[in-house]
Amino acid sequence: MSVRSACPALDDRIARLRRIAHADDRLEGVLLYGSWTLGEADTHSDIEAYLYVHDDRLPEFDGPAFLGQLSPLKLAYTNMYGILAVVFDDLMRGEFHLTAAGAGIEEVPTWRGMVHLPRPEDAVLLDRTGRLTRAARQLAEFRPPEPAVTAQQLTDESANWTLMLAHVLARGEIARAHALLHTAVAPQQLQLCRLLRGRTAHWLTPSRALEQDLPAADRDRYTATTSAAREAEVRRAARESWRWSRELAAEAADRWAVRLPYGLHDEISGLLDGPCRSRRPAPKLTVHAEVGGRTEVDGPS
């Protein structure tokens with residue numbers, strides 16, 4: 001294998017995967033994806049691949065047994081996305097899609113705009129028919145997302161998820177709000193920021209290489225939207241997040257004529273600023289007799 005990365009252990013494992021795949025007649029093809037195919041692999045990278053099994057052999061194909069030939073496995077299970085996830089004895093992770101070759105290889109060209117294989121011949125470790133190489137070559141050209149349509153989608157997503165965040169905060173579910181802020185709102189926000197800055201190479205994982213990809217000003221704005229799962233911090237981070245989202249949305253509207261529901265945006269701001277407190281009448285405080293030199297007051301805890 002001529003391609004070498006910054007992780008010799010990963011290079012060696014990929015070379016071994018090529019050898020054992022060629023020796024297994026149940027496989028029609030093997031296609032790598034992820035950091036190694038982009039030239040970004042390092043000592044912390046994992047190995048990710050599609051194993052295209054002949055359709056009639058898929059029921060008998062034992063994925064963990066096959067992958068155990070690469071290196072002993074500490075863990076092997078099917079994850080929440082239906083992918084075979086493994087941990088090798090050196091703690092390298094792996095994700096392997098066990099896929100019927102017929103429809104699976106035909107699907108590869110539909111990944112354009114999501115998956116980029118700048119060196120398709122290197123990404124294809126096995127191809128018994130030529131179908132997989134032809135399909136992978138269609139991913140050689142990097143295709144960024146279409147700006148106007150994508151920006152519209154992301155600004156709408158941002159408003160919808162932030163409204164949910166505001167309602168969850170108003171209910172007092174701080175842990176859930178914290179999770180929403182960082183797992184639902186932030187990815188949409190970072191994708192819109194990447195779209196505006198023309199830095200869409202890490203589109204599917206927009207936080208990846210953020211420190212190298214985005215300007216310092218954007219990194220600082222993102223940092224301001226993060227918090228510990230404490231109420232005051234989550235509320236502050238949510239307000240900062242929505243302010244940044246609105247600024248990014250306004251920039252997208254100026255550039256690509258994105259339609260923005262300004263009235264809804266104002267209402268979301270109002271919710272995050274605490275309208276629930278302003279709509280409710282102030283609680284009545286009952287003053288009791290002084291006890292032990294202090295005045296006791298009943299009120300909300």
# chains A, B, ... in the order shown; residues from 1 in each chain; ligands from 1
$ select_by_dssp --residues "region 56-188 of chain A" --states "strand (DSSP E)" --output "number ranges by chain"
A: 73-78, 84-88, 93-100, 124-127
$ closest_atom_pairs --of "region 219-269 of chain A" --to "region 153-173 of chain A" --cutoff "8 Å" --atoms "only C-alpha atoms" --output "Markdown table"
| residue | atom | partner | partner_atom | distance |
| --- | --- | --- | --- | --- |
| A:Arg235 | CA | A:Leu169 | CA | 7.5 |
| A:Ala238 | CA | A:Leu165 | CA | 7.9 |
| A:Trp242 | CA | A:Thr162 | CA | 7.1 |
| A:Ser245 | CA | A:Ser158 | CA | 7.0 |
| A:Ala249 | CA | A:Thr155 | CA | 5.8 |
| A:Leu260 | CA | A:Thr155 | CA | 7.6 |
| A:His265 | CA | A:Ala159 | CA | 7.0 |
| A:Ile268 | CA | A:Leu163 | CA | 5.9 |
$ residues_around --residues "Gly68 (chain A)" --least-positions-apart "5" --cutoff "12 Å" --atoms "only C-alpha atoms" --output "list in words"
Arg13, Arg16, Leu17, Ile20, Asp62, Gly63, Leu73, Lys74, Leu75, Ala76, Val86, Val87, Phe88, Asp89 and Gly94 of chain A
$ closest_residue --among "A:Gly102, A:His44, A:Val108, A:Ala85" --to "Leu31 (chain A)" --atoms "only C-alpha atoms"
A:Val108
$ select_by_dssp --residues "region 136-275 of chain A" --states "helix (DSSP H, G or I)" --output "count of residues only"
102
$ atom_distance --atom1 "CA of Asp55 (chain A)" --atom2 "CA of Met92 (chain A)"
29.2 Å
$ closest_residue --among "A:Asp56, A:Glu28, A:Glu121, A:Asp273" --to "Arg236 (chain A)" --atoms "only C-alpha atoms"
A:Asp273
$ residues_around --residues "Leu10 (chain A)" --least-positions-apart "2" --cutoff "10 Å" --atoms "only C-alpha atoms" --output "list in words"
Arg4, Ser5, Ala6, Cys7, Pro8, Asp12, Arg13, Ile14, Ala15, Arg16, Trp36, Ala41, Asp42, Thr43, His44, Ser45, Asp46, Ile47 and Met92 of chain A
$ residues_around --residues "Leu196 (chain A)" --least-positions-apart "3" --cutoff "12 Å" --atoms "only C-alpha atoms" --output "ChimeraX atom specification"
/A:144-148,150-151,154,189-193,199-200,214-215,218,247-256
$ atom_distance --atom1 "CA of Phe66 (chain A)" --atom2 "CA of Tyr50 (chain A)"
13.2 Å
$ closest_residue --among "A:Leu84, A:Ala101, A:Ala140, A:Ala257" --to "Arg26 (chain A)" --atoms "only C-alpha atoms"
A:Ala101
$ residues_around --residues "Glu141 (chain A)" --least-positions-apart "2" --cutoff "8 Å" --atoms "only C-alpha atoms" --output "ChimeraX atom specification"
/A:116-118,138-139,143
$ write_last_selection --atoms "C-alpha atoms" --output "PDB file, in the first residue's frame"
ATOM      1  CA  HIS A 116     -15.799  12.924  -0.409  1.00  0.00           C
ATOM      2  CA  LEU A 117     -13.207  10.386  -1.591  1.00  0.00           C
ATOM      3  CA  PRO A 118     -10.388  12.449  -3.136  1.00  0.00           C
ATOM      4  CA  GLN A 138     -18.221   9.660  -8.604  1.00  0.00           C
ATOM      5  CA  LEU A 139     -17.260  10.873  -5.113  1.00  0.00           C
ATOM      6  CA  ARG A 143     -19.330  19.108  -3.837  1.00  0.00           C
TER       7      ARG A 143
END
$ atom_distance --atom1 "CA of Ile105 (chain A)" --atom2 "CA of Val149 (chain A)"
28.1 Å
$ closest_residue --among "A:Thr205, A:Thr183, A:Gln188, A:His178" --to "Ala237 (chain A)" --atoms "only C-alpha atoms"
A:His178
$ residues_around --residues "region 126-128 of chain A" --least-positions-apart "4" --cutoff "7 Å" --atoms "only C-alpha atoms" --output "PyMOL selection string"
chain A and resi 18+21-22+28-30+132-133
$ write_last_selection --atoms "all heavy atoms" --output "mmCIF file, in the first residue's frame"
data_model
loop_
_atom_site.group_PDB
_atom_site.id
_atom_site.type_symbol
_atom_site.label_atom_id
_atom_site.label_comp_id
_atom_site.auth_asym_id
_atom_site.auth_seq_id
_atom_site.Cartn_x
_atom_site.Cartn_y
_atom_site.Cartn_z
ATOM 1 N N ARG A 18 -7.109 -5.282 3.538
ATOM 2 C CA ARG A 18 -7.081 -5.546 2.102
ATOM 3 C C ARG A 18 -6.745 -7.027 1.834
ATOM 4 O O ARG A 18 -7.386 -7.674 1.006
ATOM 5 C CB ARG A 18 -6.050 -4.631 1.432
ATOM 6 C CG ARG A 18 -6.055 -4.735 -0.099
ATOM 7 C CD ARG A 18 -4.804 -4.080 -0.678
ATOM 8 N NE ARG A 18 -4.712 -2.679 -0.308
ATOM 9 C CZ ARG A 18 -5.252 -1.677 -1.009
ATOM 10 N NH1 ARG A 18 -5.942 -1.944 -2.094
ATOM 11 N NH2 ARG A 18 -5.077 -0.434 -0.606
ATOM 12 N N ALA A 21 -9.575 -9.453 2.973
ATOM 13 C CA ALA A 21 -10.759 -9.283 2.127
ATOM 14 C C ALA A 21 -10.571 -10.007 0.799
ATOM 15 O O ALA A 21 -11.484 -10.681 0.303
ATOM 16 C CB ALA A 21 -11.033 -7.803 1.904
ATOM 17 N N HIS A 22 -9.386 -9.879 0.201
ATOM 18 C CA HIS A 22 -9.113 -10.568 -1.055
ATOM 19 C C HIS A 22 -9.184 -12.074 -0.890
ATOM 20 O O HIS A 22 -9.524 -12.800 -1.842
ATOM 21 C CB HIS A 22 -7.740 -10.151 -1.596
ATOM 22 C CG HIS A 22 -7.757 -8.876 -2.375
ATOM 23 N ND1 HIS A 22 -7.921 -8.831 -3.738
ATOM 24 C CD2 HIS A 22 -7.657 -7.579 -1.965
ATOM 25 C CE1 HIS A 22 -7.908 -7.578 -4.157
ATOM 26 N NE2 HIS A 22 -7.740 -6.795 -3.100
ATOM 27 N N GLU A 28 -17.620 -9.024 -2.233
ATOM 28 C CA GLU A 28 -17.448 -8.462 -3.572
ATOM 29 C C GLU A 28 -16.589 -7.216 -3.537
ATOM 30 O O GLU A 28 -15.821 -6.951 -4.462
ATOM 31 C CB GLU A 28 -18.792 -8.118 -4.215
ATOM 32 C CG GLU A 28 -18.619 -7.481 -5.597
ATOM 33 C CD GLU A 28 -19.926 -7.149 -6.277
ATOM 34 O OE1 GLU A 28 -20.947 -7.817 -5.992
ATOM 35 O OE2 GLU A 28 -19.930 -6.226 -7.118
ATOM 36 N N GLY A 29 -16.708 -6.431 -2.449
ATOM 37 C CA GLY A 29 -15.943 -5.200 -2.391
ATOM 38 C C GLY A 29 -15.786 -4.701 -0.966
ATOM 39 O O GLY A 29 -16.542 -5.079 -0.063
ATOM 40 N N VAL A 30 -14.788 -3.830 -0.777
ATOM 41 C CA VAL A 30 -14.559 -3.153 0.500
ATOM 42 C C VAL A 30 -14.207 -1.703 0.186
ATOM 43 O O VAL A 30 -13.318 -1.437 -0.635
ATOM 44 C CB VAL A 30 -13.417 -3.805 1.306
ATOM 45 C CG1 VAL A 30 -13.117 -2.989 2.563
ATOM 46 C CG2 VAL A 30 -13.775 -5.245 1.669
ATOM 47 N N LEU A 132 -17.626 -1.222 -7.861
ATOM 48 C CA LEU A 132 -17.381 -0.356 -6.713
ATOM 49 C C LEU A 132 -16.427 0.782 -7.081
ATOM 50 O O LEU A 132 -16.626 1.922 -6.668
ATOM 51 C CB LEU A 132 -16.820 -1.177 -5.545
ATOM 52 C CG LEU A 132 -16.578 -0.424 -4.245
ATOM 53 C CD1 LEU A 132 -17.850 0.276 -3.765
ATOM 54 C CD2 LEU A 132 -16.053 -1.360 -3.172
ATOM 55 N N THR A 133 -15.419 0.496 -7.862
ATOM 56 C CA THR A 133 -14.474 1.546 -8.266
ATOM 57 C C THR A 133 -15.176 2.598 -9.107
ATOM 58 O O THR A 133 -14.964 3.806 -8.918
ATOM 59 C CB THR A 133 -13.295 0.943 -9.044
ATOM 60 O OG1 THR A 133 -12.628 -0.016 -8.207
ATOM 61 C CG2 THR A 133 -12.308 2.024 -9.459
#
$ closest_residue --among "A:Asp122, A:Ser227, A:Ala177, A:His182" --to "Leu272 (chain A)" --atoms "only C-alpha atoms"
A:Ala177
